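Coordinates from start_32.txt are shown below (compact mmCIF, C-alpha atoms).
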```
# COMPACT_ATOMS: atom_id res chain seq x y z
CA MET L 1 -6.76 38.15 87.12
CA THR L 2 -10.55 38.11 87.28
CA GLU L 3 -12.05 35.05 85.62
CA GLY L 4 -13.59 35.88 82.26
CA ARG L 5 -11.77 39.19 81.94
CA ALA L 6 -10.33 39.81 78.47
CA VAL L 7 -6.55 39.79 78.39
CA ALA L 8 -4.83 42.48 76.36
CA PRO L 9 -2.98 41.14 73.32
CA HIS L 10 0.81 41.13 73.25
CA ARG L 11 1.95 44.36 71.60
CA VAL L 12 4.39 44.01 68.70
CA THR L 13 5.91 47.20 67.29
CA VAL L 14 7.87 47.17 64.03
CA LEU L 15 10.45 49.96 63.66
CA ALA L 16 10.86 50.89 59.99
CA LEU L 17 14.09 52.70 59.11
CA ASP L 18 15.20 54.20 55.80
CA GLY L 19 16.00 51.55 53.23
CA VAL L 20 13.70 49.01 54.88
CA HIS L 21 13.10 45.85 52.85
CA PRO L 22 9.34 45.50 52.20
CA PHE L 23 9.32 41.70 52.52
CA GLU L 24 10.98 41.71 55.95
CA LEU L 25 8.85 44.67 57.03
CA GLY L 26 5.67 42.69 56.40
CA ILE L 27 6.70 39.47 58.17
CA ALA L 28 5.54 40.51 61.65
CA HIS L 29 2.11 41.54 60.39
CA ARG L 30 1.72 38.35 58.38
CA VAL L 31 2.82 35.93 61.10
CA PHE L 32 1.71 37.56 64.36
CA GLY L 33 -1.39 38.95 62.68
CA SER L 34 -2.49 35.40 61.82
CA ALA L 35 -2.56 34.28 65.46
CA GLY L 36 -6.21 34.98 66.13
CA GLY L 37 -5.93 38.35 67.85
CA ARG L 38 -3.25 37.25 70.30
CA TYR L 39 -0.95 40.02 69.09
CA GLU L 40 -1.49 43.68 68.34
CA ILE L 41 0.92 44.89 65.63
CA ARG L 42 1.90 48.48 64.93
CA THR L 43 4.49 49.90 62.54
CA CYS L 44 6.34 53.10 63.28
CA SER L 45 9.18 55.23 61.99
CA THR L 46 11.36 57.37 64.22
CA ASP L 47 9.25 60.48 63.53
CA GLY L 48 6.01 59.12 62.08
CA ARG L 49 6.91 60.26 58.57
CA PRO L 50 7.16 57.95 55.53
CA VAL L 51 10.39 56.01 55.12
CA ARG L 52 12.29 55.19 51.96
CA SER L 53 12.15 51.50 51.17
CA ALA L 54 14.73 49.33 49.43
CA ALA L 55 12.24 49.04 46.56
CA ASP L 56 10.97 51.79 44.25
CA PHE L 57 8.38 53.18 46.67
CA ASP L 58 8.17 54.88 50.03
CA ILE L 59 6.24 53.46 52.97
CA ALA L 60 3.82 55.51 55.04
CA VAL L 61 3.37 54.55 58.68
CA ALA L 62 0.69 55.46 61.19
CA TYR L 63 2.89 55.94 64.28
CA ASP L 64 6.07 57.55 65.52
CA SER L 65 8.51 56.09 68.03
CA ALA L 66 6.25 56.93 70.98
CA VAL L 67 4.51 53.56 70.45
CA LEU L 68 7.78 51.81 71.38
CA GLU L 69 7.14 52.79 75.00
CA THR L 70 4.29 50.27 75.27
CA ALA L 71 5.74 47.52 73.04
CA ASP L 72 6.16 44.02 74.45
CA THR L 73 8.17 42.97 71.37
CA VAL L 74 10.09 45.26 69.03
CA VAL L 75 10.90 43.99 65.53
CA LEU L 76 13.83 45.43 63.55
CA PRO L 77 13.44 44.46 59.88
CA ALA L 78 16.32 44.40 57.39
CA CYS L 79 17.22 47.82 56.01
CA ASP L 80 19.90 49.19 53.70
CA ILE L 81 21.22 51.78 56.15
CA ALA L 82 22.01 49.07 58.71
CA THR L 83 25.25 47.98 57.04
CA SER L 84 26.50 51.55 56.68
CA LEU L 85 26.08 52.57 60.32
CA GLY L 86 29.71 51.89 61.19
CA GLY L 87 28.68 50.78 64.65
CA GLU L 88 26.93 54.06 65.52
CA LEU L 89 23.21 54.79 65.57
CA PRO L 90 21.90 58.06 64.10
CA ASP L 91 20.54 60.39 66.77
CA SER L 92 16.94 59.80 65.71
CA VAL L 93 17.33 56.02 65.97
CA ARG L 94 19.16 56.28 69.30
CA GLU L 95 16.34 58.41 70.68
CA ALA L 96 13.80 55.86 69.42
CA PHE L 97 15.66 53.03 71.16
CA ALA L 98 15.69 55.02 74.39
CA ARG L 99 11.89 54.76 74.39
CA ILE L 100 11.89 50.95 74.46
CA ARG L 101 10.99 49.89 77.97
CA PRO L 102 13.12 47.45 79.99
CA GLY L 103 11.99 43.86 79.52
CA ALA L 104 10.74 44.32 75.97
CA ARG L 105 11.71 41.51 73.60
CA ILE L 106 13.85 42.49 70.60
CA VAL L 107 13.69 40.62 67.28
CA ALA L 108 16.22 41.60 64.58
CA ILE L 109 15.61 40.19 61.11
CA CYS L 110 18.56 39.86 58.72
CA THR L 111 20.59 43.11 58.70
CA GLY L 112 18.37 44.39 61.48
CA ALA L 113 21.02 42.68 63.63
CA PHE L 114 23.38 45.53 62.71
CA VAL L 115 20.94 47.98 64.26
CA ALA L 116 20.57 45.89 67.41
CA ALA L 117 24.35 45.54 67.68
CA ALA L 118 24.91 49.26 67.19
CA ALA L 119 22.46 49.84 70.04
CA GLY L 120 24.68 47.67 72.27
CA LEU L 121 22.06 44.94 72.64
CA LEU L 122 24.23 42.10 71.34
CA ASP L 123 27.56 42.65 73.10
CA GLY L 124 28.76 39.35 74.53
CA ARG L 125 25.71 37.52 73.19
CA PRO L 126 25.15 34.97 70.40
CA ALA L 127 23.57 36.30 67.21
CA THR L 128 23.25 35.72 63.49
CA THR L 129 22.61 37.75 60.35
CA HIS L 130 22.62 37.18 56.60
CA TRP L 131 25.68 35.12 55.65
CA LYS L 132 26.73 37.66 52.99
CA ARG L 133 27.10 40.32 55.67
CA ALA L 134 28.90 38.14 58.22
CA ALA L 135 32.44 39.44 57.54
CA LEU L 136 31.30 43.06 57.78
CA PHE L 137 29.34 42.32 60.94
CA ARG L 138 32.32 40.65 62.62
CA SER L 139 34.67 43.50 61.79
CA THR L 140 32.17 46.10 62.98
CA PHE L 141 30.98 44.30 66.12
CA PRO L 142 33.79 42.04 67.36
CA ARG L 143 32.19 41.67 70.80
CA VAL L 144 29.17 39.83 69.39
CA HIS L 145 29.36 36.02 69.16
CA LEU L 146 28.23 35.75 65.56
CA ASP L 147 27.16 32.43 64.04
CA PRO L 148 26.39 33.04 60.35
CA ASN L 149 25.56 29.39 59.69
CA VAL L 150 22.15 29.20 61.40
CA LEU L 151 18.66 30.40 60.56
CA TYR L 152 18.05 32.21 63.83
CA VAL L 153 19.34 32.55 67.38
CA ASP L 154 17.07 32.74 70.43
CA ASP L 155 18.90 34.31 73.36
CA GLY L 156 15.83 34.84 75.48
CA ASP L 157 14.87 38.51 75.25
CA VAL L 158 16.91 39.17 72.08
CA LEU L 159 16.48 37.12 68.92
CA THR L 160 18.26 37.48 65.58
CA SER L 161 17.65 35.79 62.25
CA ALA L 162 19.22 35.33 58.87
CA GLY L 163 17.72 36.85 55.76
CA ALA L 164 14.24 36.84 54.24
CA ALA L 165 12.43 33.55 55.00
CA ALA L 166 14.44 33.06 58.21
CA GLY L 167 12.49 36.05 59.54
CA ILE L 168 9.33 33.97 59.13
CA ASP L 169 11.03 31.13 60.99
CA VAL L 170 11.97 33.26 63.99
CA CYS L 171 8.49 34.83 64.22
CA LEU L 172 6.81 31.41 64.02
CA HIS L 173 9.25 30.25 66.68
CA LEU L 174 8.07 33.06 68.94
CA VAL L 175 4.41 32.18 68.36
CA ARG L 176 5.33 28.62 69.28
CA ARG L 177 7.21 29.82 72.37
CA ASP L 178 4.31 32.04 73.43
CA HIS L 179 1.37 29.78 72.64
CA GLY L 180 2.57 26.26 71.79
CA SER L 181 2.79 24.22 68.63
CA ALA L 182 -0.95 23.98 67.88
CA ILE L 183 -1.30 27.76 67.46
CA ALA L 184 2.02 28.06 65.60
CA ASN L 185 1.03 25.28 63.21
CA ALA L 186 -2.29 26.97 62.55
CA VAL L 187 -0.48 30.24 61.79
CA ALA L 188 1.91 28.40 59.46
CA ARG L 189 -0.99 26.80 57.61
CA HIS L 190 -2.64 30.20 57.24
CA CYS L 191 0.58 31.66 55.84
CA VAL L 192 1.20 28.53 53.71
CA VAL L 193 4.74 28.04 55.06
CA PRO L 194 6.50 25.14 56.83
CA PRO L 195 5.47 25.14 60.51
CA TRP L 196 8.95 24.68 61.91
CA ARG L 197 12.61 24.87 60.91
CA ASP L 198 15.20 24.44 63.61
CA GLY L 199 17.17 27.60 64.34
CA GLY L 200 20.35 25.57 64.10
CA GLN L 201 19.59 24.51 60.54
CA ALA L 202 22.19 25.77 58.08
CA GLN L 203 21.61 28.84 55.97
CA TYR L 204 21.62 28.07 52.26
CA ILE L 205 25.02 29.50 51.36
CA GLU L 206 25.80 29.47 47.63
CA GLN L 207 24.89 25.85 47.18
CA PRO L 208 24.11 24.76 43.60
CA VAL L 209 20.47 24.09 42.86
CA PRO L 210 19.95 20.61 41.37
CA PRO L 211 18.84 20.74 37.72
CA GLU L 212 15.09 20.61 37.27
CA THR L 213 15.41 17.41 35.25
CA SER L 214 17.21 15.57 38.02
CA ALA L 215 15.42 13.42 40.56
CA GLY L 216 15.06 14.99 43.98
CA THR L 217 14.65 13.72 47.50
CA ALA L 218 11.29 15.30 48.32
CA ALA L 219 9.25 12.13 47.79
CA ALA L 220 11.61 10.12 50.00
CA ARG L 221 11.43 12.81 52.70
CA GLN L 222 7.64 12.79 52.60
CA TRP L 223 7.60 8.99 52.92
CA ALA L 224 9.97 9.24 55.90
CA LEU L 225 7.69 11.74 57.65
CA GLU L 226 4.76 9.37 57.20
CA ASN L 227 6.76 6.47 58.64
CA LEU L 228 8.82 8.05 61.42
CA ARG L 229 7.66 5.50 63.97
CA HIS L 230 9.43 2.78 61.97
CA PRO L 231 13.22 2.28 61.85
CA VAL L 232 13.71 4.33 58.66
CA THR L 233 17.29 4.18 57.40
CA VAL L 234 19.27 6.26 54.92
CA ASP L 235 19.76 3.14 52.78
CA GLU L 236 15.99 2.73 52.57
CA LEU L 237 15.47 6.38 51.63
CA ALA L 238 18.13 6.13 48.93
CA THR L 239 16.46 3.05 47.52
CA ARG L 240 13.09 4.81 47.41
CA ALA L 241 14.71 7.76 45.62
CA ARG L 242 16.33 5.30 43.18
CA MET L 243 19.80 6.57 43.95
CA SER L 244 22.98 5.18 45.40
CA LYS L 245 23.46 6.00 49.05
CA ARG L 246 26.33 8.37 48.20
CA THR L 247 24.38 10.23 45.50
CA PHE L 248 21.32 10.44 47.73
CA ALA L 249 23.32 11.88 50.64
CA ARG L 250 24.89 14.51 48.39
CA ARG L 251 21.57 15.47 46.76
CA PHE L 252 19.82 15.52 50.14
CA SER L 253 22.44 17.88 51.59
CA ASP L 254 22.12 20.17 48.55
CA GLU L 255 18.33 20.37 48.96
CA VAL L 256 17.94 20.43 52.74
CA GLY L 257 21.22 21.80 54.08
CA MET L 258 22.04 18.85 56.34
CA SER L 259 22.73 15.12 56.17
CA PRO L 260 19.85 12.61 55.92
CA GLY L 261 20.74 11.12 59.30
CA ARG L 262 20.68 14.47 61.06
CA TRP L 263 17.41 15.40 59.35
CA LEU L 264 15.75 12.17 60.49
CA ILE L 265 16.77 12.81 64.10
CA GLN L 266 15.57 16.41 63.84
CA GLN L 267 12.16 15.37 62.52
CA ARG L 268 11.79 12.74 65.26
CA VAL L 269 12.64 15.29 67.93
CA PHE L 270 10.18 17.77 66.43
CA ARG L 271 7.40 15.15 66.42
CA ALA L 272 8.27 14.22 70.00
CA ARG L 273 8.06 17.86 71.08
CA HIS L 274 4.61 18.14 69.55
CA LEU L 275 3.43 15.03 71.39
CA LEU L 276 4.93 16.26 74.68
CA GLU L 277 2.98 19.50 74.28
CA SER L 278 -0.31 18.08 73.09
CA THR L 279 -0.71 14.67 74.78
CA ASP L 280 -0.25 12.90 78.11
CA LEU L 281 1.60 9.96 76.56
CA THR L 282 4.55 8.62 78.54
CA VAL L 283 8.08 9.34 77.38
CA ASP L 284 8.57 5.68 76.41
CA ARG L 285 5.34 5.68 74.39
CA ILE L 286 6.31 8.90 72.62
CA ALA L 287 9.74 7.46 71.84
CA GLY L 288 8.04 4.54 70.12
CA GLU L 289 5.65 6.82 68.22
CA VAL L 290 8.51 8.86 66.73
CA GLY L 291 10.96 6.07 65.99
CA PHE L 292 13.44 6.24 68.85
CA ALA L 293 14.36 2.83 70.23
CA THR L 294 13.90 3.77 73.90
CA GLY L 295 12.80 6.61 76.14
CA THR L 296 16.45 7.04 77.08
CA SER L 297 17.31 7.68 73.45
CA LEU L 298 14.56 10.29 73.20
CA ARG L 299 15.75 11.99 76.37
CA GLN L 300 19.30 12.22 75.04
CA HIS L 301 18.31 13.55 71.62
CA LEU L 302 15.90 16.09 73.11
CA PHE L 303 18.57 17.30 75.52
CA ASP L 304 21.10 17.56 72.69
CA ALA L 305 18.61 19.60 70.65
CA ILE L 306 17.23 22.05 73.22
CA GLY L 307 19.00 21.34 76.52
CA VAL L 308 16.04 20.14 78.60
CA SER L 309 14.47 16.85 79.65
CA PRO L 310 11.06 15.70 78.32
CA GLN L 311 9.48 16.37 81.72
CA ALA L 312 10.90 19.89 81.89
CA TYR L 313 9.82 20.60 78.31
CA ARG L 314 6.27 19.37 78.95
CA ARG L 315 6.07 21.32 82.22
CA THR L 316 7.15 24.51 80.48
CA PHE L 317 4.48 24.28 77.81
CA ARG L 318 1.75 23.18 80.19
CA THR L 319 2.35 26.37 82.22
CA GLU L 320 3.17 28.85 79.45
CA ALA L 321 1.13 27.89 76.42
CA ALA L 322 -2.11 29.50 77.58
CA PRO L 323 -4.60 30.67 74.94
CA ARG L 324 -4.04 34.35 75.76
CA PRO L 325 -1.16 35.21 78.08
CA GLN L 326 -0.97 38.46 79.95
CA ARG L 327 1.02 41.23 78.33
CA ALA L 328 4.69 40.71 79.03
CA GLY L 329 5.78 42.97 81.84
CA ALA L 330 8.68 41.03 83.31
CA ALA L 331 11.18 38.48 82.22
CA ARG L 332 9.81 34.99 81.90
CA PRO L 333 11.39 31.60 81.16
CA ALA L 334 12.52 31.36 77.56
CA PRO L 335 13.52 27.85 76.51
CA ALA L 336 15.96 27.89 73.59
CA PHE L 337 14.67 25.90 70.63
CA GLY L 338 17.44 26.76 68.21
```
Transcribe the structure of this file into structure tokens.
Amino acid sequence: MTEGRAVAPHRVTVLALDGVHPFELGIAHRVFGSAGGRYEIRTCSTDGRPVRSAADFDIAVAYDSAVLETADTVVLPACDIATSLGGELPDSVREAFARIRPGARIVAICTGAFVAAAAGLLDGRPATTHWKRAALFRSTFPRVHLDPNVLYVDDGDVLTSAGAAAGIDVCLHLVRRDHGSAIANAVARHCVVPPWRDGGQAQYIEQPVPPETSAGTAAARQWALENLRHPVTVDELATRARMSKRTFARRFSDEVGMSPGRWLIQQRVFRARHLLESTDLTVDRIAGEVGFATGTSLRQHLFDAIGVSPQAYRRTFRTEAAPRPQRAGAARPAPAFG
């Protein structure tokens, strides 16, 4: 590439089908559109005509499925018709899918996974969808390795997410995968959402919400984040929350979806990943900065979380997290963060 030449933004095309959920439809524009011009987002229907939404209004689009031919990433938002497909795509949707070029990345949000599965994109692959639709999904697509307990699944060129806010998580994850944590964090700040939730974090499945009058664990969690480099313990967090250890653990699980111990390790790994991407600190120094006793401990926890060593993780982001990558034309390494 000639030095100084502008690089075309990554093209994201959102395919809106009848019964599309407006919130999920807008996620790609909100997240990718906040990345400083690094993505070009277009929304299409199969024929360019307005589509019926799941709300009390129709949605007009500017494009038909011809724009799928140049898409680098195709987003399939949740839609009402997805769960009634019976494993078969309507002719118009099948024809639209035929226009997606080989190598394009597919992102299915919530029940959009039903559409991806009906297109044969998930056979033999891991995936997720909204937990309420898990039984129907399994009976309709038995060849898909469904995990309804996670927020999203990154399988390289095909990604699936749970409902609503998990769609934000998977899109932020892709910004992070494409451009690194600094850009993803900036996008998250712009959208006023948490910058990162692990794909393996549990969906919130019919868990009771603590009464508003009861004490929560948020203050203790915030203190822990500010003191990760120290040997923070669950006993100490419980004391700060003025609860018994047993009550604190139960309340914490209700609010966060995982145990305090697992959450602490997750936050330390996340902080370590950020330092690996953004600094030249040694592995041992990073381990100390995030509260792991040794570099060996950091290596083990990082490998357990994402399956790579610190050196491999740093090498990946030093080579991939360029300010403006070329438009995706071929498969490229896709480290799994979930």
Worksheet entry | Shell of 10 Å around L:Leu264, only C-alpha atoms, local chain residues under 2 positions omitted, as a PyMOL selection string | chain L and resi 221+224-225+228+232-234+259-262+266-270+291
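With only C-alpha atoms as the atoms that count, the residue of L:Ala238, L:Val158, L:Ala35, L:Ala218 with the shortest distance to L:Ala188 is L:Ala35.
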Please identify all polymer residues within 7 Å of stretch 74-85 of chain L, counting all atoms listed in the file, omitting same-chain residues fewer than 3 positions from it, and present them as a PDB file with C-alpha atoms, keeping the file's coordinate frame.
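Done, and the output landed in selection24.pdb:
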```pdb
ATOM      1  CA  VAL L  12       4.390  44.010  68.700  1.00  0.00           C
ATOM      2  CA  THR L  13       5.910  47.200  67.290  1.00  0.00           C
ATOM      3  CA  VAL L  14       7.870  47.170  64.030  1.00  0.00           C
ATOM      4  CA  LEU L  15      10.450  49.960  63.660  1.00  0.00           C
ATOM      5  CA  ALA L  16      10.860  50.890  59.990  1.00  0.00           C
ATOM      6  CA  LEU L  17      14.090  52.700  59.110  1.00  0.00           C
ATOM      7  CA  ASP L  18      15.200  54.200  55.800  1.00  0.00           C
ATOM      8  CA  GLY L  19      16.000  51.550  53.230  1.00  0.00           C
ATOM      9  CA  VAL L  20      13.700  49.010  54.880  1.00  0.00           C
ATOM     10  CA  HIS L  21      13.100  45.850  52.850  1.00  0.00           C
ATOM     11  CA  GLU L  24      10.980  41.710  55.950  1.00  0.00           C
ATOM     12  CA  LEU L  25       8.850  44.670  57.030  1.00  0.00           C
ATOM     13  CA  ALA L  54      14.730  49.330  49.430  1.00  0.00           C
ATOM     14  CA  ALA L  71       5.740  47.520  73.040  1.00  0.00           C
ATOM     15  CA  GLU L  88      26.930  54.060  65.520  1.00  0.00           C
ATOM     16  CA  LEU L  89      23.210  54.790  65.570  1.00  0.00           C
ATOM     17  CA  ARG L 105      11.710  41.510  73.600  1.00  0.00           C
ATOM     18  CA  ILE L 106      13.850  42.490  70.600  1.00  0.00           C
ATOM     19  CA  VAL L 107      13.690  40.620  67.280  1.00  0.00           C
ATOM     20  CA  ALA L 108      16.220  41.600  64.580  1.00  0.00           C
ATOM     21  CA  ILE L 109      15.610  40.190  61.110  1.00  0.00           C
ATOM     22  CA  CYS L 110      18.560  39.860  58.720  1.00  0.00           C
ATOM     23  CA  THR L 111      20.590  43.110  58.700  1.00  0.00           C
ATOM     24  CA  GLY L 112      18.370  44.390  61.480  1.00  0.00           C
ATOM     25  CA  PHE L 114      23.380  45.530  62.710  1.00  0.00           C
ATOM     26  CA  VAL L 115      20.940  47.980  64.260  1.00  0.00           C
TER      27      VAL L 115
END
```
Discussion item. Just to confirm, what's the straight-line distance from atom CA of L:Asp280 to atom CA of L:Arg38 in Å (one decimal)?
Written reply: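 Atom-to-atom, atom CA of L:Asp280 to atom CA of L:Arg38, that is 25.7 Å.
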Practice prompt. Compile the contact shell of L:Phe97 as a PyMOL selection string: residues with an atom at most 9 Å away, counting only C-alpha atoms, same-chain residues fewer than 4 positions apart removed.
Written response: chain L and resi 65+68+92-93+101+119
Discussion item. Could you list, as number ranges by chain, every residue within 12 Å of L:Thr160, counting all atoms listed in the file and ignoring same-chain residues fewer than 3 positions away?
Written reply: L: 74-78, 105-117, 121-122, 125-130, 144-148, 150-157, 163, 166-171, 173-174, 199, 338
Response to the item:
Judged by all atoms listed in the file, the minimum distance to L:Arg285 among L:Trp223, L:Arg176, L:Val31, L:Leu298 is found for L:Leu298
Item to complete: May I ask which of the residues L:Thr73, L:Ser244, L:Thr217, L:Thr296 is the closest one to L:Leu159, counting only C-alpha atoms?
Response: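 Residue with the minimum atom-to-atom distance to L:Leu159: L:Thr73.
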Item to complete: Around the point (4.2, 15.0, 75.5) in the file's coordinates, collect all residues with an atom within 9 Å, using only C-alpha atoms, and return them as a ChimeraX atom specification.
Response: /L:272-283,286,310-311,313-314
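One finds atom CA of L:Asp56 at 21.6 Å from atom CA of L:Arg30.
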Worksheet item: What is the distance between atom CA of L:Ala134 and atom CA of L:Phe23, in Å to one decimal?
Response: 20.7 Å
Worksheet item: Pick the closest to L:His230 from L:Ala293, L:Met258, L:Val51, L:Ala96: which is it, counting all atoms listed in the file?
Response: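 The answer is L:Ala293, which sits nearest to L:His230.
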Discussion item. Ranking L:Glu236, L:His29, L:Asp72, L:Asp254 by minimum distance to L:Pro102 and counting only C-alpha atoms, which one comes first?
Written reply: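 Using only C-alpha atoms, the shortest distance to L:Pro102 belongs to L:Asp72.
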File output for stretch 120-140 of chain L (C-alpha atoms) as a compact mmCIF listing (two decimals), in the first residue's frame:
```txt
# COMPACT_ATOMS: atom_id res chain seq x y z
CA GLY L 120 -26.46 -23.43 7.14
CA LEU L 121 -23.77 -21.16 8.58
CA LEU L 122 -23.76 -22.69 12.06
CA ASP L 123 -23.79 -26.43 11.39
CA GLY L 124 -21.17 -28.10 13.56
CA ARG L 125 -20.17 -24.78 15.11
CA PRO L 126 -20.60 -23.21 18.57
CA ALA L 127 -23.28 -20.54 18.87
CA THR L 128 -25.64 -18.84 21.28
CA THR L 129 -28.99 -17.04 21.19
CA HIS L 130 -31.47 -15.64 23.69
CA TRP L 131 -31.93 -18.12 26.54
CA LYS L 132 -35.73 -18.07 26.14
CA ARG L 133 -35.38 -19.41 22.61
CA ALA L 134 -32.76 -22.06 23.40
CA ALA L 135 -35.12 -25.07 23.48
CA LEU L 136 -36.70 -24.09 20.16
CA PHE L 137 -33.29 -23.48 18.62
CA ARG L 138 -31.97 -26.88 19.72
CA SER L 139 -34.99 -28.73 18.36
CA THR L 140 -34.84 -26.85 15.06
```
